[in-house]
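Undergrad: Sharing coords00.txt below, compact mmCIF, C-alpha atoms:
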# COMPACT_ATOMS: atom_id res chain seq x y z
CA MET A 249 -52.04 -38.99 36.98
CA PRO A 250 -54.39 -40.87 34.68
CA SER A 251 -56.87 -37.99 34.40
CA SER A 252 -54.29 -35.41 33.36
CA PRO A 253 -54.04 -35.09 29.61
CA ASN A 254 -50.75 -34.66 27.84
CA PHE A 255 -51.93 -33.46 24.46
CA THR A 256 -52.80 -30.14 22.87
CA LEU A 257 -55.99 -28.83 21.36
CA THR A 258 -55.72 -26.31 18.55
CA LEU A 259 -58.59 -23.88 18.17
CA LEU A 260 -59.13 -22.97 14.52
CA ARG A 261 -60.36 -19.73 13.02
CA THR A 262 -63.51 -20.63 11.09
CA PRO A 263 -65.12 -17.47 9.72
CA LYS A 264 -67.47 -19.45 7.48
CA GLN A 265 -69.05 -21.28 10.38
CA PRO A 266 -71.79 -19.81 12.56
CA PRO A 267 -70.29 -18.05 15.61
CA ASN A 268 -71.63 -20.58 18.09
CA PHE A 269 -69.50 -23.28 16.46
CA ALA A 270 -65.85 -23.87 17.25
CA THR A 271 -63.49 -26.29 15.54
CA PHE A 272 -60.47 -27.96 17.12
CA ILE A 273 -57.63 -30.10 15.91
CA VAL A 274 -57.56 -32.99 18.35
CA PRO A 275 -55.41 -36.09 18.73
CA LEU A 276 -56.63 -39.10 16.77
CA ASN A 277 -57.49 -41.10 19.88
CA LEU A 278 -59.79 -38.45 21.37
CA ASN A 279 -63.51 -39.04 21.07
CA LYS A 280 -66.50 -36.74 21.19
CA LEU A 281 -67.31 -37.42 24.82
CA ASP A 282 -63.69 -36.74 25.80
CA LEU A 283 -63.75 -33.37 24.10
CA ARG A 284 -67.07 -32.42 25.67
CA ASP A 285 -65.82 -33.27 29.15
CA TYR A 286 -62.48 -31.54 28.54
CA LEU A 287 -64.08 -28.30 27.41
CA TRP A 288 -66.55 -28.31 30.27
CA ASN A 289 -64.10 -29.14 33.04
CA ALA A 290 -61.03 -27.22 31.86
CA TYR A 291 -62.58 -24.21 30.15
CA GLY A 292 -66.15 -24.10 31.48
CA VAL A 293 -67.65 -24.22 27.98
CA PRO A 294 -71.02 -25.98 27.83
CA VAL A 295 -71.18 -28.05 24.67
CA ARG A 296 -74.43 -28.96 22.95
CA GLY A 297 -73.05 -31.32 20.36
CA VAL A 298 -69.84 -32.50 18.76
CA ARG A 299 -69.17 -33.48 15.15
CA SER A 300 -65.91 -35.12 14.30
CA PHE A 301 -64.10 -35.87 11.08
CA ILE A 302 -60.71 -37.15 10.04
CA GLN A 303 -58.84 -35.60 7.12
CA GLN A 304 -56.58 -37.98 5.25
CA GLN A 305 -53.38 -36.28 4.19
CA LYS A 306 -51.91 -36.27 0.72
CA LEU A 307 -49.48 -38.95 -0.33
CA ARG A 308 -46.00 -37.56 -0.89
CA GLN A 309 -42.58 -38.76 -1.90
CA ASP A 310 -40.38 -39.68 1.04
CA LYS A 311 -40.46 -38.36 4.59
CA PRO A 312 -40.33 -34.63 5.21
CA ASN A 313 -36.95 -34.82 6.89
CA ALA A 314 -35.32 -36.63 3.94
CA LYS A 315 -32.53 -34.61 2.36
CA ARG A 316 -33.37 -35.70 -1.14
CA ALA A 317 -36.72 -37.38 -1.74
CA ALA A 318 -36.13 -40.92 -2.96
CA PRO A 319 -38.30 -42.03 -5.88
CA ARG A 320 -41.08 -44.51 -5.21
CA ARG A 321 -40.58 -44.27 -1.49
CA TRP A 322 -44.02 -43.11 -0.50
CA PHE A 323 -45.00 -41.40 2.68
CA ARG A 324 -48.37 -40.32 3.93
CA PRO A 325 -48.42 -37.81 6.80
CA ARG A 326 -50.56 -38.73 9.77
CA ALA A 327 -54.25 -37.95 9.34
CA ILE A 328 -55.67 -34.91 11.09
CA LYS A 329 -58.71 -35.28 13.29
CA LYS A 330 -60.95 -32.27 13.71
CA MET A 331 -63.96 -31.80 15.91
CA MET A 332 -66.65 -29.21 15.51
CA VAL A 333 -68.36 -28.18 18.70
CA GLU A 334 -71.71 -26.48 19.06
CA MET A 335 -71.79 -24.08 22.01
CA ASP A 336 -74.45 -22.06 23.81
CA ASP A 337 -72.70 -18.69 23.48
CA PRO A 338 -71.15 -17.35 20.29
CA PHE A 339 -67.43 -16.85 20.11
CA VAL A 340 -65.67 -14.71 17.52
CA TRP A 341 -61.91 -14.60 17.13
CA PRO A 342 -60.06 -11.32 17.55
CA ASP A 343 -59.24 -9.54 14.29
CA GLU A 344 -56.26 -10.52 12.21
CA PRO A 345 -53.23 -8.25 12.59
CA THR A 346 -52.62 -5.98 9.60
CA ASP A 347 -49.02 -5.02 10.36
CA PHE A 348 -46.58 -7.94 10.32
CA THR A 349 -43.37 -6.01 10.96
CA ALA A 350 -43.08 -7.58 14.41
CA TRP A 351 -42.86 -10.99 12.72
CA GLU A 352 -40.47 -9.71 9.99
CA LYS A 353 -42.77 -11.00 7.28
CA GLU A 354 -40.95 -9.28 4.43
CA THR A 355 -37.60 -10.80 5.34
CA LYS A 356 -39.07 -14.26 5.68
CA ASP A 357 -40.97 -14.04 2.41
CA ALA A 358 -37.89 -12.86 0.52
CA LEU A 359 -35.82 -15.65 2.04
CA ASP A 360 -38.43 -18.28 1.21
CA GLU A 361 -38.64 -17.05 -2.36
CA ASP A 362 -34.88 -17.17 -2.73
CA GLN A 363 -34.76 -20.68 -1.31
CA LYS A 364 -37.47 -21.83 -3.67
CA LYS A 365 -35.54 -20.45 -6.61
CA LYS A 366 -32.48 -22.39 -5.52
CA GLN A 367 -34.48 -25.57 -5.06
CA ASP A 368 -35.93 -25.17 -8.53
CA GLN A 369 -32.44 -24.82 -9.96
CA ALA A 370 -31.42 -28.10 -8.34
CA ALA A 371 -34.38 -29.92 -9.87
CA PRO A 372 -33.46 -32.37 -12.69
CA ASP A 373 -35.88 -30.81 -15.18
CA TYR A 374 -34.73 -27.26 -14.57
CA ARG A 375 -33.13 -26.91 -18.02
CA GLU A 376 -36.14 -28.32 -19.80
CA LYS A 377 -38.43 -25.71 -18.34
CA PRO A 378 -38.61 -22.29 -19.99
CA SER A 379 -36.32 -19.82 -18.28
CA HIS A 380 -37.38 -16.40 -17.09
CA GLU A 381 -35.69 -14.82 -20.15
CA ARG A 382 -37.64 -16.99 -22.52
CA LYS A 383 -40.84 -16.17 -20.69
CA SER A 384 -40.14 -12.47 -20.96
CA ILE A 385 -39.30 -12.77 -24.69
CA ALA A 386 -42.58 -14.58 -25.25
CA GLU A 387 -44.47 -11.88 -23.38
CA GLN A 388 -42.79 -9.13 -25.39
CA ALA A 389 -43.64 -10.90 -28.63
CA LYS A 390 -47.22 -11.22 -27.52
CA ASP A 391 -47.40 -7.50 -26.79
CA ILE A 392 -45.99 -6.63 -30.21
CA LEU A 393 -48.44 -8.93 -31.95
CA ALA A 394 -51.30 -7.43 -29.98
CA GLY A 395 -50.20 -3.95 -31.03
CA LYS A 396 -49.37 -2.78 -27.53
CA ASP A 397 -45.71 -2.37 -28.35
CA VAL A 398 -43.75 -1.47 -31.48
CA TRP A 399 -40.79 -3.42 -32.76
CA SER A 400 -37.63 -1.40 -32.85
CA THR A 401 -33.97 -2.22 -32.89
CA GLU A 402 -32.99 1.16 -31.47
CA ALA A 403 -32.45 -0.14 -28.00
CA THR A 404 -29.94 -2.71 -29.19
CA LYS A 405 -27.86 -0.21 -31.24
CA PRO A 406 -25.12 1.69 -29.44
CA THR A 407 -26.15 5.28 -29.21
CA TRP A 408 -23.63 8.12 -29.23
CA GLU A 409 -24.30 11.54 -27.91
CA ASP A 410 -23.00 14.40 -30.04
CA ASP A 411 -20.97 16.56 -27.70
CA GLY A 412 -19.40 18.76 -30.40
CA GLU A 413 -15.69 19.05 -31.16
CA GLU A 414 -13.10 16.81 -29.61
CA VAL A 415 -11.45 18.40 -26.60
CA GLU A 416 -8.06 17.59 -25.24
CA VAL A 417 -8.70 16.95 -21.58
CA GLU A 418 -5.28 16.85 -20.01
CA LYS A 419 -3.54 19.74 -21.73
CA ASP A 420 -1.35 20.85 -18.91
CA VAL A 421 0.06 17.46 -18.06
CA LYS A 422 3.81 17.50 -18.55
CA ILE A 423 5.49 14.25 -19.29
CA MET B 184 -109.87 -28.00 -41.74
CA SER B 185 -110.61 -30.02 -44.80
CA THR B 186 -110.34 -26.98 -47.03
CA SER B 187 -107.05 -25.97 -45.51
CA THR B 188 -105.62 -29.47 -46.02
CA SER B 189 -106.65 -29.46 -49.61
CA ILE B 190 -105.45 -25.94 -50.35
CA ARG B 191 -102.21 -26.05 -48.39
CA PRO B 192 -100.15 -28.32 -50.66
CA VAL B 193 -101.08 -26.27 -53.67
CA ALA B 194 -100.29 -22.98 -51.99
CA ARG B 195 -97.05 -24.35 -50.63
CA ARG B 196 -96.05 -25.56 -54.03
CA ILE B 197 -96.81 -22.18 -55.57
CA LEU B 198 -95.02 -20.31 -52.83
CA ARG B 199 -92.01 -22.54 -52.96
CA ASN B 200 -91.78 -22.18 -56.72
CA ALA B 201 -92.13 -18.42 -56.62
CA HIS B 202 -88.88 -18.18 -58.44
CA PRO B 203 -89.44 -18.28 -62.20
CA GLN B 204 -86.89 -21.05 -62.61
CA HIS B 205 -88.95 -23.43 -60.46
CA LEU B 206 -92.32 -22.70 -62.09
CA PRO B 207 -93.91 -25.84 -63.49
CA PRO B 208 -94.30 -25.94 -67.23
CA THR B 209 -97.46 -24.33 -68.51
CA PHE B 210 -98.93 -27.56 -69.83
CA LEU B 211 -99.21 -28.82 -66.24
CA LEU B 212 -101.37 -25.88 -65.23
CA PRO B 213 -104.72 -27.65 -65.58
CA SER B 214 -103.56 -30.48 -63.32
CA LEU B 215 -102.57 -27.99 -60.64
CA LEU B 216 -105.96 -26.34 -60.69
CA ALA B 217 -107.94 -29.56 -60.96
CA PRO B 218 -109.91 -30.46 -57.76
CA LYS B 219 -108.23 -33.08 -55.66
CA GLY B 220 -109.87 -36.21 -54.31
CA HIS B 221 -110.94 -36.53 -50.63
CA SER B 222 -107.99 -36.73 -48.27
CA SER B 223 -107.99 -37.88 -44.64
CA PRO B 224 -105.46 -37.37 -41.84
CA PHE B 225 -103.05 -40.21 -41.15
CA SER B 226 -104.19 -40.88 -37.57
CA ALA B 227 -107.76 -41.61 -36.61
CA THR B 228 -107.29 -40.42 -33.02
CA THR B 229 -109.02 -37.20 -32.15
CA PRO B 230 -106.38 -34.64 -31.22
CA LEU B 231 -106.50 -33.53 -27.54
CA PRO B 232 -106.29 -29.89 -26.62
CA PHE B 233 -103.39 -28.76 -24.32
CA PRO B 234 -102.42 -30.18 -21.77
CA ARG B 235 -101.77 -33.37 -23.63
CA ASP B 236 -102.23 -35.83 -20.74
CA HIS B 237 -104.13 -34.57 -17.75
CA ASN B 238 -100.91 -34.35 -15.75
CA ARG B 239 -100.90 -31.36 -13.40
CA GLU B 240 -97.17 -31.67 -12.81
CA ARG B 241 -96.23 -31.48 -16.49
CA GLY B 242 -93.38 -29.06 -17.01
CA VAL B 243 -92.63 -28.75 -13.31
CA SER B 244 -89.08 -29.89 -12.69
CA THR B 245 -86.70 -29.47 -9.80
CA ALA B 246 -83.77 -30.23 -12.05
CA ARG B 247 -84.68 -27.31 -14.32
CA ARG B 248 -85.70 -25.11 -11.36
CA THR B 249 -89.02 -24.25 -12.95
CA GLY B 250 -90.88 -23.71 -9.70
CA VAL B 251 -94.53 -24.52 -9.17
CA ARG B 252 -97.22 -23.43 -11.66
CA GLU B 253 -99.43 -21.54 -9.22
CA PRO B 254 -98.16 -18.60 -7.13
CA LEU B 255 -97.47 -19.34 -3.47
CA SER B 256 -98.27 -17.29 -0.38
CA VAL B 257 -94.64 -16.11 -0.15
CA SER B 258 -94.32 -15.28 -3.83
CA LYS B 259 -94.82 -11.55 -3.23
CA ILE B 260 -92.08 -11.36 -0.58
CA PRO B 261 -88.65 -10.95 -2.14
CA LEU B 262 -85.98 -13.44 -1.12
CA PRO B 263 -83.37 -12.21 1.36
CA ARG B 264 -80.03 -11.57 -0.31
CA PRO B 265 -76.91 -12.96 1.34
CA VAL B 266 -74.35 -10.40 2.49
CA LEU B 267 -71.20 -11.60 0.79
CA ASP B 268 -68.86 -8.99 2.24
CA PRO B 269 -68.03 -10.05 5.81
CA ARG B 270 -67.34 -6.43 6.83
CA LEU B 271 -70.95 -5.46 6.17
CA ARG B 272 -72.41 -8.24 8.30
CA ALA B 273 -73.74 -7.62 11.79
CA LYS B 274 -71.05 -7.89 14.45
CA VAL B 275 -71.42 -10.71 16.96
CA GLU B 276 -70.76 -9.71 20.55
CA THR B 277 -68.54 -12.22 22.33
CA ASP B 278 -68.97 -12.64 26.06
CA PRO B 279 -65.76 -11.38 27.78
CA ASN B 280 -66.02 -14.34 30.16
CA HIS B 281 -66.35 -16.91 27.38
CA GLY B 282 -64.37 -20.04 28.12
CA LEU B 283 -62.69 -20.12 24.72
CA TRP B 284 -60.71 -16.98 25.59
CA GLY B 285 -58.58 -19.53 27.43
CA PHE B 286 -57.10 -20.37 24.02
CA PHE B 287 -55.57 -16.90 23.68
CA HIS B 288 -52.93 -14.93 25.49
CA SER B 289 -54.92 -11.74 25.00
CA LYS B 290 -58.43 -10.77 23.91
CA GLU B 291 -57.20 -8.05 21.54
CA LYS B 292 -55.01 -10.06 19.20
CA PRO B 293 -55.07 -13.64 17.93
CA MET B 294 -51.39 -14.29 18.60
CA ASN B 295 -48.41 -12.96 20.45
CA LYS B 296 -45.52 -11.21 18.79
CA PRO B 297 -42.22 -13.12 18.93
CA SER B 298 -40.83 -10.54 21.35
CA GLU B 299 -43.79 -11.10 23.66
CA ASP B 300 -43.31 -14.85 23.48
CA LEU B 301 -39.72 -14.41 24.60
CA THR B 302 -40.69 -12.61 27.82
CA CYS B 303 -41.46 -15.79 29.71
CA GLY B 304 -38.98 -16.99 32.32
CA ARG B 305 -37.94 -20.58 32.81
CA GLY B 306 -39.78 -23.77 33.64
CA TRP B 307 -40.12 -25.12 37.17
CA SER B 308 -37.25 -27.32 38.29
CA VAL B 309 -37.80 -30.61 40.09
CA ALA B 310 -36.14 -29.26 43.22
CA GLU B 311 -38.73 -26.49 43.41
CA LEU B 312 -41.61 -28.84 42.75
CA ARG B 313 -40.64 -31.38 45.45
CA GLY B 314 -41.91 -29.14 48.20
CA LYS B 315 -45.30 -28.46 46.57
CA SER B 316 -48.53 -30.04 47.66
CA TRP B 317 -50.64 -32.27 45.46
CA GLU B 318 -53.16 -29.47 44.86
CA ASP B 319 -50.42 -27.08 43.76
CA LEU B 320 -48.90 -29.62 41.38
CA HIS B 321 -52.30 -30.44 39.93
CA ALA B 322 -53.09 -26.77 39.35
CA LEU B 323 -49.68 -26.16 37.78
CA TRP B 324 -50.14 -29.13 35.45
CA TRP B 325 -53.37 -27.67 34.14
CA VAL B 326 -51.78 -24.26 33.70
CA CYS B 327 -49.17 -25.94 31.52
CA VAL B 328 -51.81 -27.86 29.54
CA LYS B 329 -53.70 -24.66 28.78
CA GLU B 330 -50.52 -22.81 27.91
CA ARG B 331 -49.63 -25.53 25.41
CA ASN B 332 -53.11 -25.24 23.87
CA ILE B 333 -52.57 -21.50 23.45
CA ILE B 334 -49.18 -22.08 21.85
CA ALA B 335 -50.60 -24.67 19.43
CA THR B 336 -53.46 -22.33 18.46
CA GLU B 337 -51.05 -19.44 17.88
CA LYS B 338 -48.73 -21.62 15.84
CA PHE B 339 -51.53 -22.70 13.52
CA GLU B 340 -52.75 -19.12 13.13
CA ARG B 341 -49.24 -17.84 12.45
CA ARG B 342 -48.78 -20.40 9.70
CA ARG B 343 -52.21 -19.72 8.23
CA LEU B 344 -51.55 -15.98 8.04
CA GLU B 345 -47.97 -16.56 6.83
CA ALA B 346 -47.05 -13.95 9.41
CA GLY B 347 -43.32 -14.60 9.25
CA TYR B 348 -40.98 -15.58 12.07
CA GLY B 349 -42.02 -16.55 15.59
CA GLU B 350 -41.99 -20.34 15.25
CA ASN B 351 -38.85 -20.76 17.34
CA GLU B 352 -40.09 -18.48 20.11
CA GLY B 353 -43.29 -20.49 20.34
CA LYS B 354 -41.28 -23.71 20.36
CA ALA B 355 -39.11 -22.46 23.22
CA ARG B 356 -42.19 -21.53 25.22
CA ASP B 357 -43.72 -24.94 24.57
CA ALA B 358 -40.51 -26.66 25.64
CA MET B 359 -40.59 -24.70 28.89
CA ALA B 360 -44.13 -25.89 29.64
CA ARG B 361 -43.11 -29.45 28.86
CA VAL B 362 -40.08 -29.18 31.17
CA THR B 363 -42.41 -28.14 33.98
CA MET B 364 -44.77 -31.01 33.25
CA ARG B 365 -41.91 -33.45 33.25
CA GLY B 366 -40.77 -32.01 36.58
CA ILE B 367 -44.23 -32.54 38.06
CA LYS B 368 -44.22 -36.16 36.93
CA HIS B 369 -40.71 -36.57 38.32
CA ALA B 370 -41.66 -35.15 41.73
CA LEU B 371 -44.80 -37.28 41.92
CA THR B 372 -42.93 -40.43 40.93
CA GLU B 373 -40.37 -39.76 43.64
CA ARG B 374 -43.18 -39.26 46.11
CA TYR B 375 -44.75 -42.54 45.06
CA TYR B 376 -41.50 -44.46 45.44
CA ALA B 377 -40.93 -42.92 48.87
CA TRP B 378 -44.41 -43.94 49.93
CA SER B 379 -44.15 -47.53 48.68
CA GLU B 380 -40.72 -47.97 50.25
CA ALA B 381 -41.98 -46.55 53.52
CA GLN B 382 -44.89 -48.98 53.35
CA LEU B 383 -42.55 -51.93 52.81
CA LEU B 384 -40.36 -50.80 55.66
CA ALA B 385 -43.33 -50.42 57.96
CA GLU B 386 -44.55 -53.90 57.07
CA GLU B 387 -41.13 -55.40 57.72
CA GLN B 388 -40.86 -53.78 61.09
CA GLY B 389 -44.40 -54.71 62.03
CA GLU B 390 -45.55 -51.14 62.33
CA LEU B 391 -48.27 -51.45 59.69
CA ASP B 392 -51.08 -53.98 59.91
CA LEU B 393 -52.56 -54.18 56.42
CA SER B 394 -55.60 -56.20 57.48
CA THR B 395 -56.84 -53.51 59.86
CA ARG B 396 -55.02 -50.60 58.16
CA THR B 397 -53.67 -49.31 61.45
CA LEU B 398 -50.23 -48.06 62.32
CA THR B 399 -48.85 -49.59 65.49
CA ARG B 400 -46.02 -47.85 67.21
CA PRO B 401 -43.03 -49.97 68.05
CA GLN B 402 -42.78 -49.36 71.77
CA ASP B 403 -39.29 -50.72 72.21
CA PHE B 404 -37.89 -48.35 69.58
CA TYR B 405 -39.35 -45.18 71.05
CA GLU B 406 -38.89 -46.09 74.69
CA ASP B 407 -35.54 -44.37 74.96
CA GLU B 408 -36.70 -41.31 73.11
CA GLU B 409 -39.68 -40.75 75.31
CA GLU B 410 -37.43 -39.74 78.08
CA VAL B 411 -35.52 -37.36 75.83
CA MET B 412 -38.58 -35.75 74.18
CA PRO B 413 -41.29 -34.97 76.65
CA ALA B 414 -43.74 -33.56 74.06
CA GLU B 415 -44.90 -36.92 72.79
CA GLY B 416 -48.21 -35.70 71.40
CA LEU B 417 -46.47 -33.40 68.99
CA LEU B 418 -44.44 -36.27 67.63
CA ALA B 419 -47.39 -38.58 67.33
CA GLU B 420 -49.63 -36.28 65.36
CA PRO B 421 -47.74 -35.98 62.11
CA ARG B 422 -47.24 -39.71 62.08
CA THR B 423 -50.95 -40.41 62.21
CA GLU B 424 -51.49 -37.79 59.54
CA GLU B 425 -48.97 -39.49 57.34
CA LYS B 426 -50.76 -42.75 57.90
CA THR B 427 -54.10 -41.38 56.73
CA GLN B 428 -52.45 -39.80 53.71
CA THR B 429 -50.61 -42.85 52.57
CA VAL B 430 -53.10 -45.55 53.32
CA ALA B 431 -56.10 -43.71 51.96
Would you mind giving the structure from this file in structure tokens?

TA:
Amino acid sequence: MPSSPNFTLTLLRTPKQPPNFATFIVPLNLNKLDLRDYLWNAYGVPVRGVRSFIQQQKLRQDKPNAKRAAPRRWFRPRAIKKMMVEMDDPFVWPDEPTDFTAWEKETKDALDEDQKKKQDQAAPDYREKPSHERKSIAEQAKDILAGKDVWSTEATKPTWEDDGEEVEVEKDVKI
Amino acid sequence: MSTSTSIRPVARRILRNAHPQHLPPTFLLPSLLAPKGHSSPFSATTPLPFPRDHNRERGVSTARRTGVREPLSVSKIPLPRPVLDPRLRAKVETDPNHGLWGFFHSKEKPMNKPSEDLTCGRGWSVAELRGKSWEDLHALWWVCVKERNIIATEKFERRRLEAGYGENEGKARDAMARVTMRGIKHALTERYYAWSEAQLLAEEQGELDLSTRTLTRPQDFYEDEEEVMPAEGLLAEPRTEEKTQTVA
């Protein structure tokens, strides 16, 4: 089946573009004429014009599946090709969902944060960076200097509550 | 002008030395009041009134955004102000039959919930696909292609919104579409092998004449069967149909 494609197109949400424009992530070997024919024959979308651009990805250390990134082993992810299509009729995406409980967003965010904290701890320069305690001390000092807070040692002193005379609790215990 | 040039230095000197400390000594008073000789300006060129050079564009700069000197026809109309808040902008009506809705599972929401993604069944097995016609397989292939486009669009949107989980559900759905597509390729490859082997066999046995593209029936092979099966026309028809299918 030479005419049957085996790739995916990704339609992107582009609120800053005019509504009669649509942008797709396409495979690198797809050209403008291919996309025009694809959209017309598979989706029935008449296309007036296509603009294409390739976004080079950032250079990073080691491949993404490496357990520990080796130094000076560089890796550049594959470039991303995007095509902007001008259509006859406007198309606007459906609204973003506001409630993410179905996706368990809170759980995932908490887990990601925890993981990031652990990754930071494993970093070689973890001890050289200011800790959270030091950051908080610096912030407190700043507040005192700015006059927002007052210096007091009361909180550090042990405080005793005066409950009156001493009372023998277990009077009726017979030994 | 000549009077002003002659008076000015004197006045300036007096004004500057208003403070008693800087007053010249009294014996210099006659020299201050004495009339000065004729003085002339340094340059002989007659000074031009403004504008200096008869340049009409002087002072007009695009870099400094000065604008033109004379008012334009549109100067009285205020410039339209952009609406920065997207909620206040006019809503664009999307055609319910727009082709790009094919990139979504539903027109109400941009992506499925993970539970909705899980509701799909299984992919088509090769055994089920073997009995399908070419048209059916072709249609099913395109259903899978579009489904994979939807899944890719949803995946990108989910990541962009940082919606949470749902990646694995989408992956499972994508794998199911790919299993079906692989099954279609498998069934068609089998069909192709069957056809080419049948062609070879027919050539060997002299049934198929490639120069004229006609299928000749081996008479000696079917002679015995003709007596057994009286309905010969029924047997002959599918064979000719197969010929047109395979040779075409």

Undergrad: Would you list the contacts of A:Ala350 as a PyMOL selection string, taking every protein, DNA or RNA residue within 8 Å and counting only C-alpha atoms, but skipping same-chain residues closer than 3 positions in sequence?

TA: (chain A and resi 347+353) or (chain B and resi 296-298)

Undergrad: Would you mind exporting the chosen residues as a PDB file, in the coordinates of the input, restricted to C-alpha atoms?

TA:
ATOM      1  CA  ASP A 347     -49.020  -5.020  10.360  1.00  0.00           C
ATOM      2  CA  LYS A 353     -42.770 -11.000   7.280  1.00  0.00           C
TER       3      LYS A 353
ATOM      4  CA  LYS B 296     -45.520 -11.210  18.790  1.00  0.00           C
ATOM      5  CA  PRO B 297     -42.220 -13.120  18.930  1.00  0.00           C
ATOM      6  CA  SER B 298     -40.830 -10.540  21.350  1.00  0.00           C
TER       7      SER B 298
END

Undergrad: For chain B, which residue among A:Asn313, A:Gln303, A:Gln369, A:Thr346 is the nearest when counting all atoms listed in the file?

TA: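 Smallest distance to chain B is found for A:Thr346.
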
Undergrad: With a distance threshold of 10 Å and counting only C-alpha atoms, extract the residues of chain B near chain A and express them as a VMD selection string.

TA: chain B and resid 269 274 to 287 289 to 299 321 324 to 341 343 to 350 361 364 368 371

Undergrad: Tell me, in Å to one decimal, how far atom CA of A:Glu402 is from atom CA of A:Ala389.

TA: 16.3 Å

Undergrad: Just give me the gap between atom CA of A:Gln309 and atom CA of A:Arg321 in Å, one decimal is fine.

TA: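 Atom CA of A:Gln309 sits 5.9 Å away from atom CA of A:Arg321.
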
Undergrad: Have a look at atom CA of A:Arg299 and atom CA of A:Val333 and let me know their distance in Å, one decimal.

TA: 6.4 Å

Undergrad: Extract, using all atoms listed in the file, all DNA, RNA and protein residues at most 10 Å from B:His369, discarding same-chain residues fewer than 6 positions from it, and format them as an mmCIF file with C-alpha atoms, in the coordinates of the input.

TA:
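The new file result.cif reads:
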data_model
loop_
_atom_site.group_PDB
_atom_site.id
_atom_site.type_symbol
_atom_site.label_atom_id
_atom_site.label_comp_id
_atom_site.auth_asym_id
_atom_site.auth_seq_id
_atom_site.Cartn_x
_atom_site.Cartn_y
_atom_site.Cartn_z
ATOM 1 C CA SER B 308 -37.250 -27.320 38.290
ATOM 2 C CA VAL B 309 -37.800 -30.610 40.090
ATOM 3 C CA ALA B 310 -36.140 -29.260 43.220
ATOM 4 C CA LEU B 312 -41.610 -28.840 42.750
ATOM 5 C CA ARG B 313 -40.640 -31.380 45.450
ATOM 6 C CA THR B 363 -42.410 -28.140 33.980
ATOM 7 C CA TYR B 375 -44.750 -42.540 45.060
#
